[in-house]
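*Asks:* First the structure, then my questions, so here it is.
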There are 4 protein chains.
Amino acid sequence: MGVIGYGYWGPNIVRNFNSLDDVKVVTVCDKNEKAAEAVTKIYPDIQICSDSNAVTESADIDIIAVVTPVSTHFELATEALKNGKHVFVEKPFTATVAEAEELINLAEQKNLKLMVDHTFLFTGAVMKIKEIVDKGDLGEIYYYDSTRVNLGLFQHDVNVIWDLAPHDFSIMNYVVKDTPVAVSVCGKSHVYEHENIAYISVYFNTNMIAHFNVNWLSPVKIRNTLIGGEKKMLVWDDINPDEKVKIYDKGIEVKNRESIYNLLVSYRSGDVWVPKVEQTEALKLESRYFIDCINDGTVPINDGHAGMEVVRLLEACNKSVKNSGELVKL
Amino acid sequence: MGVIGYGYWGPNIVRNFNSLDDVKVVTVCDKNEKAAEAVTKIYPDIQICSDSNAVTESADIDIIAVVTPVSTHFELATEALKNGKHVFVEKPFTATVAEAEELINLAEQKNLKLMVDHTFLFTGAVMKIKEIVDKGDLGEIYYYDSTRVNLGLFQHDVNVIWDLAPHDFSIMNYVVKDTPVAVSVCGKSHVYEHENIAYISVYFNTNMIAHFNVNWLSPVKIRNTLIGGEKKMLVWDDINPDEKVKIYDKGIEVKNRESIYNLLVSYRSGDVWVPKVEQTEALKLESRYFIDCINDGTVPINDGHAGMEVVRLLEACNKSVKNSGELVKL
Amino acid sequence: MGVIGYGYWGPNIVRNFNSLDDVKVVTVCDKNEKAAEAVTKIYPDIQICSDSNAVTESADIDIIAVVTPVSTHFELATEALKNGKHVFVEKPFTATVAEAEELINLAEQKNLKLMVDHTFLFTGAVMKIKEIVDKGDLGEIYYYDSTRVNLGLFQHDVNVIWDLAPHDFSIMNYVVKDTPVAVSVCGKSHVYEHENIAYISVYFNTNMIAHFNVNWLSPVKIRNTLIGGEKKMLVWDDINPDEKVKIYDKGIEVKNRESIYNLLVSYRSGDVWVPKVEQTEALKLESRYFIDCINDGTVPINDGHAGMEVVRLLEACNKSVKNSGELVKL
Amino acid sequence: MGVIGYGYWGPNIVRNFNSLDDVKVVTVCDKNEKAAEAVTKIYPDIQICSDSNAVTESADIDIIAVVTPVSTHFELATEALKNGKHVFVEKPFTATVAEAEELINLAEQKNLKLMVDHTFLFTGAVMKIKEIVDKGDLGEIYYYDSTRVNLGLFQHDVNVIWDLAPHDFSIMNYVVKDTPVAVSVCGKSHVYEHENIAYISVYFNTNMIAHFNVNWLSPVKIRNTLIGGEKKMLVWDDINPDEKVKIYDKGIEVKNRESIYNLLVSYRSGDVWVPKVEQTEALKLESRYFIDCINDGTVPINDGHAGMEVVRLLEACNKSVKNSGELVKL
């Protein structure tokens with residue numbers, strides 16, 4: 001396996017894939033000399049290079065992880081696929097839906113696996129939430145409401161939407177069956193050209209509504225998701241070390257719908273259940289899963305199509321935020 | 001003083017005004033017989049009536065509180081003003097901006113005081129926040145972000161926006177000097193015609209942005225407001241009994257603005273300060289303040305104009321939410 | 001019914017008993033003139049007196065509530081019982097075990113009901129905890145650990161132990177079957193003669209241990225009780241408005257006890273369950289219960305014996321704290 | 001430098017000392033083969049041995065860290081000192097006060113540095129607390145109250161007191177000037193011979209009192225310390241990632257001490273201040289500090305005497321807990 005990019009996330013990719021019994025990271029590529037030094041210090045036997053061709057064209061390499069800025073994903077993944085490598089791409093998948101489509105087609109032609117690093121799908125919390133929603137415990141989903149704010153690292157190449165929302169979009173698309181049909185985004189840039197705060201509303205053809213609050217200028221760190229259902233409701237507080245997911249036996253019961261004047265809405269408030277969630281590092285499970293998908297031909301839950309749907313939402317968000325919240329159809 | 005309406009909030013109005021040394025509530029009007037019984041049980045000497053004219057036309061009454069559903073405010077307040085009474089109106093002030101304007105004009109012609117019950121302005125938390133913002137501690141305000149959600153009482157006559165957002169709109173207008181210029185609202189009704197969840201974005205001509213998350217179907221109660229400034233940031237958690245307001249000496253410093261490629265944004269993270277806030281019941285202070293304004297001619301901070309600006313936002317929100325988040329100018 | 005004492009707690013007693021359909025509070029006795037005024041303002045038809053004999057000897061009165069400082073309980077309750085009244089006594093029951101015994105005997109001779117106001121036994125939280133422990137969900141109880149601290153009102157007549165610990169002692173005695181056999185108390189007075197901080201250890205003949213941390217000089221309010229069992233553990237956080245009681249499916253499993261050198265203790269960590277607890281005001285349920293006990297002859301769970309066991313612990317605590325934590329047998 | 005013991009804490013010792021510019025860890029000693037493998041995997045150039053003499057007698061080694069079970073500290077540290085090495089010993093320092101004294105004397109004779117690994121003294125939180133107490137912000141200290149509980153690893157060789165209380169004893173001795181004079185401990189063992197829960201009261205000749213709640217069988221993790229002073233009070237919640245230390249401008253004011261009957265105690269409740277605390281890893285600062293002490297001759301704050309005072313408390317605790325909380329003088 002070869003890894004291109006050894007910045008913030010690259011070390012985690014190398015560490016996790018390298019710890020698998022049947023995988024050997026042979027080369028890491030990064031233009032930054034300090035990155036090379038950092039690799040060698042920990043893995044003296046991994047080769048270092050600064051030219052990505054040395055990875056994409058290497059005969060020793062079957063799988064390539066692309067862990068670089070999003071603007072380079074398309075070119076690097078294309079090279080890797082053309083050279084017959086399975087590809088693991090950092091999120092967001094690509095800079096445009098068009099790029100995503102091309103990569104998906106290329107991978108299919110070449111019969112290669114393409115996986116997008118939607119790490120959160122492999123956390124204990126999201127796996128548990130998926131299980132609960134799939135069982136129908138919540139009933140019909142009414143809303144998905146996420147807040148992901150903190151004093152965040154300003155990115156030079158993307159706005160806060162492209163930085164933070166891919167997490168939530170990939171999770172929502174995975175957990176909820178409804179398909180988004182439009183977005184409306186209100187955002188603002190206070191420091192330089194890219195937005196550092198954004199409020200994203202997502203419309204569906206169903207009863208559902210979704211909303212995402214992303215902010216790089218919050219004094220407090222919040223990672224909170226509410227999923228409201230007809231029967232029960234769920235709160236996921238990812239900051240809480242012990243009680244990440246809570247299911248509330250709360251809701252409303254409409255007693256009489258004859259007319260709104262004698263509408264009787266009553267409240268139901270029961271127990272709360274805090275299921276134990278898996279503690280294993282998500283990326284460890286995800287890297288194992290990618291190798292298994294390659295070996296047994298399974299279509300990954302986080303394949304190119306999943307990646308493309310996230311990019312579709314991101315593209316639409318950017319268009320909407322530039323036009324004062326204009327409704328952008330998907 | 002006379003009070004029209006003795007439902008959910010009326011008892012608090014009666015209790016607080018009646019406890020003032022220089023005020024005597026002489027009549028309470030409510031069509032519901034149980035309300036009348038409830039008054040008599042606690043205040044055997046207060047007269048009861050079911051016809052509002054008995055209050056608005058009474059020669060014994062100088063001041064009238066209108067604590068009824070919003071659709072009736074205009075008619076009742078008009079009657080009261082025409083009969084020369086000072087008027088205290090429950091929020092939201094009126095059902096339309098046009099009604100609000102008419103009441104304001106009538107009060108001015110008659111030289112009578114008109115106050116809208118924006119109770120929150122008299123809480124210790126909001127008074128402290130106002131003081132901090134006015135001193136300039138936060139610097140230029142970047143955003144105002146409020147979440148007000150819980151398993152709420154469904155209202156028959158209004159949606160969640162008209163029920164919950166008046167609190168936040170009145171607070172924001174009071175605390176922040178910037179003037180809203182447009183709104184975009186995404187909402188949904190899951191139970192009956194009125195929206196029970198809404199995400200409200202407010203645009204300004206300045207650097208500021210505001211957002212309000214209101215929801216009657218949340219399993220958890222959240223009352224959280226973040227105010228992000230250039231210099232410092234403030235978090236108001238109204239659920240927290242002891243530490244409602246926190247000021248964070250956190251922010252960013254832009255070291256180099258020559259180009260975005262050598263932009264250096266660094267983070268500042270210092271102490272947190274939790275000021276003590278006044279514990280007195282807000283309505284007690286507000287009722288005292290209304291009487292003082294009448295006596296000494298002061299223009300109330302929550303006068304008809306303040307009430308009208310809130311209604312202006314509410315009207316625009318309703319228009320936007322019906323049109324899938326269309327940008328509605330104010 | 002007559003009520004003697006209308007200070008901090010008296011108004012709650014009057015309000016709750018008076019709201020019962022089959023009870024009428026006819027007289028309230030308090031030496032303080034302001035208390036009399038306060039009663040009249042709310043209950044114009046309740047008689048006021050300053051001499052307790054007017055209550056204890058009144059032919060119109062069947063039941064007397066004694067809501068005065070503990071030093072006066074014995075005399076007042078004795079008078080009430082001698083005059084054939086059922087008696088509801090504020091906690092702590094009496095100043096000494098000897099007094100408690102005499103009152104119990106007198107009540108039995110006269111066939112009158114004696115109830116001690118251990119209000120907490122009627123809270124939703126304690127009722128739920130009792131139910132859970134009785135079902136055996138926790139298994140054998142290992143420890144009962146309570147922290148009850150805040151910036152508290154200094155009492156002139158008693159120390160922090162007599163002020164705060166009666167709550168916890170009455171709850172522990174009710175919930176747990178094991179009988180305390182000795183106490184050891186470490187305390188200190190920083191302001192005047194009575195201790196304002198105390199750490200109370202309680203010994204049992206079983207595997208159980210109990211501890212109570214009471215403090216009038218804490219900057220934060222904590223009301224936290226941990227009950228550790230062989231099978232499960234329970235945390236009761238009485239400050240938390242929504243999730244007061246949590247049951248943790250956590251514990252240890254001893255795999256091998258052959259010798260300590262190959263002892264294998266493993267940890268079990270499962271779901272957490274937050275049962276819904278009753279929200280009704282405890283004193284409302286308690287007052288109803290007292291009247292029912294009188295009517296149907298039921299022995300109250302908080303009868304004189306329950307009150308005496310609390311006083312027995314308090315007496316022992318005072319002896320221990322004066323002797324630097326000396327072990328005092330019960 | 002040589003390190004003896006590579007179990008739970010050893011890897012942190014090796015990592016931190018090895019990262020110093022002027023220190024080189026040359027040998028690690030552990031009887032466990034897996035430990036040796038673990039060292040080699042990360043540090044291929046560090047020598048491995050299983051016989052401690054290879055470390056204590058090595059001419060290449062100037063400093064030795066003893067990171068083994070407490071029962072072996074005395075022998076290993078003695079060997080190291082006799083061979084002229086500076087010694088860094090894991091806490092608790094020794095199994096008895098007598099051993100501690102002997103090591104201190106030996107180090108002084110040989111003019112060698114002896115440091116006990118009271119890591120917590122080098123955390124940002126404790127450094128800030130020390131600074132605040134030293135400045136006199138809290139006024140006279142009234143109490144020191146610590147809770148350190150969680151579902152803990154049962155130790156085969158020591159009880160919960162020796163496992164958890166050394167942290168708190170070393171912190172209290174460092175922060176507070178008052179000298180403990182006696183202890184009283186109530187504890188219980190539920191699983192095997194060693195106590196898994198203990199309540200430790202510490203007496204002083206001054207107004208101060210201290211208490212430590214340590215428990216291996218708690219379902220929730222609590223790391224909470226309250227320091228109550230005459231002027232202000234401090235709460236240290238080590239679980240809180242962002243607001244570890246809070247200073248409360250709360251307290252009481254005694255207005256009148258003429259007699260307890262007209263004693264007027266009033267409450268003062270002001271702002272709360274949350275100082276920013278240093279985030280650097282404590283062990284990194286401590287290892288740097290040890291080398292600096294060796295180089296410039298400074299007496300470490302955590303020298304043998306500091307270690308001995310902690311052992312003195314632990315010894316007394318063990319005696320007290322075996323005798324049902326008997327007061328044990330120090």
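Ligands are numbered from 1 in the order shown, residues from 1 within each chain, and chains are lettered A, B, ... in the order they appear in the structure tokens.
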Return the neighbours of chain B among the residues of chain D, cut-off 12 Å, counting only C-alpha atoms, as a PyMOL selection string.
*Replies:* chain D and resi 242-250+268-279
*Asks:* Could you list, as a JSON list (two decimals) with C-alpha atoms, in the first residue's frame, every residue within 9 Å of segment 224-235 of chain B, counting only C-alpha atoms and ignoring same-chain residues fewer than 3 positions away?
*Replies:*
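Here's the written file selection.json:
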```
[["chain", "number", "residue", "atom", "x", "y", "z"],
["A", 190, "HIS", "CA", -15.68, 37.38, 8.85],
["A", 217, "LEU", "CA", -15.71, 30.80, 15.53],
["A", 218, "SER", "CA", -17.52, 29.25, 18.48],
["A", 219, "PRO", "CA", -15.95, 29.63, 21.94],
["A", 220, "VAL", "CA", -17.32, 26.26, 22.95],
["B", 129, "ILE", "CA", -25.43, 40.71, 28.39],
["B", 136, "GLY", "CA", -17.74, 46.92, 23.85],
["B", 137, "ASP", "CA", -16.16, 43.93, 25.58],
["B", 138, "LEU", "CA", -17.02, 41.65, 22.67],
["B", 139, "GLY", "CA", -15.88, 44.07, 19.98],
["B", 140, "GLU", "CA", -17.77, 44.06, 16.70],
["B", 141, "ILE", "CA", -20.50, 41.42, 16.80],
["B", 142, "TYR", "CA", -20.06, 38.65, 14.22],
["B", 143, "TYR", "CA", -22.99, 36.40, 14.95],
["B", 144, "TYR", "CA", -25.98, 35.83, 17.22],
["B", 145, "ASP", "CA", -26.97, 32.17, 17.38],
["B", 146, "SER", "CA", -29.89, 30.96, 19.48],
["B", 147, "THR", "CA", -31.36, 27.53, 20.10],
["B", 148, "ARG", "CA", -34.72, 27.38, 21.89],
["B", 238, "ASP", "CA", -30.52, 29.79, 30.42],
["B", 239, "ILE", "CA", -31.01, 26.25, 31.73],
["B", 244, "LYS", "CA", -26.04, 31.42, 32.95],
["B", 245, "VAL", "CA", -23.66, 33.82, 31.23],
["B", 246, "LYS", "CA", -20.04, 33.08, 30.39],
["B", 247, "ILE", "CA", -17.63, 35.39, 28.61],
["B", 248, "TYR", "CA", -14.79, 33.65, 26.81],
["B", 249, "ASP", "CA", -11.55, 35.47, 26.14],
["B", 250, "LYS", "CA", -11.28, 33.42, 23.00],
["B", 251, "GLY", "CA", -11.00, 34.41, 19.41],
["B", 252, "ILE", "CA", -8.77, 34.59, 16.44]]
```
*Asks:* If we count only C-alpha atoms, what is near segment 10-16 of chain D at a cut-off of 10 Å, once residues fewer than 4 positions away on the same chain are taken out, given as a ChimeraX atom specification?
*Replies:* /D:1-6,20,23-28,30,35,38-39,42-43,65-68,88,90,117,281-288
*Asks:* Since we have the selection now, will you write its residues out, keeping C-alpha atoms, as a short mmCIF file (atom, residue, chain, number, x, y, z; two decimals), in the first residue's frame?
*Replies:*
```cif
data_model
loop_
_atom_site.label_atom_id
_atom_site.label_comp_id
_atom_site.auth_asym_id
_atom_site.auth_seq_id
_atom_site.Cartn_x
_atom_site.Cartn_y
_atom_site.Cartn_z
CA MET D 1 19.49 7.03 31.70
CA GLY D 2 18.09 3.62 32.58
CA VAL D 3 14.48 2.71 33.29
CA ILE D 4 13.48 -0.25 35.45
CA GLY D 5 9.91 -1.38 34.85
CA TYR D 6 7.96 -1.06 31.59
CA LEU D 20 14.62 15.65 26.15
CA VAL D 23 18.91 12.84 27.90
CA LYS D 24 19.30 9.46 26.27
CA VAL D 25 17.53 6.39 27.60
CA VAL D 26 20.06 3.63 27.00
CA THR D 27 18.56 0.66 28.80
CA VAL D 28 15.11 -0.51 29.82
CA ASP D 30 11.68 -5.57 32.62
CA ALA D 35 7.58 -5.47 27.53
CA ALA D 38 7.21 -3.37 23.00
CA VAL D 39 10.30 -1.26 23.71
CA ILE D 42 9.27 1.76 19.15
CA TYR D 43 12.94 2.33 20.13
CA ALA D 65 13.93 5.67 36.94
CA VAL D 66 12.28 3.04 39.13
CA VAL D 67 8.82 2.34 37.72
CA THR D 68 8.01 -0.94 39.46
CA PHE D 88 13.43 9.02 39.94
CA GLU D 90 7.38 6.08 40.97
CA ASP D 117 6.96 10.95 40.60
CA GLU D 281 1.77 17.15 29.40
CA ALA D 282 2.71 17.11 33.08
CA LEU D 283 5.29 14.36 32.78
CA LYS D 284 7.08 16.31 30.07
CA LEU D 285 7.50 19.26 32.44
CA GLU D 286 8.41 17.00 35.34
CA SER D 287 11.13 15.12 33.43
CA ARG D 288 12.65 18.42 32.26
#
```
*Asks:* So how many Å separate atom CA of Gly124 of chain B and atom CA of Ile161 of chain B, to one decimal?
*Replies:* 24.5 Å
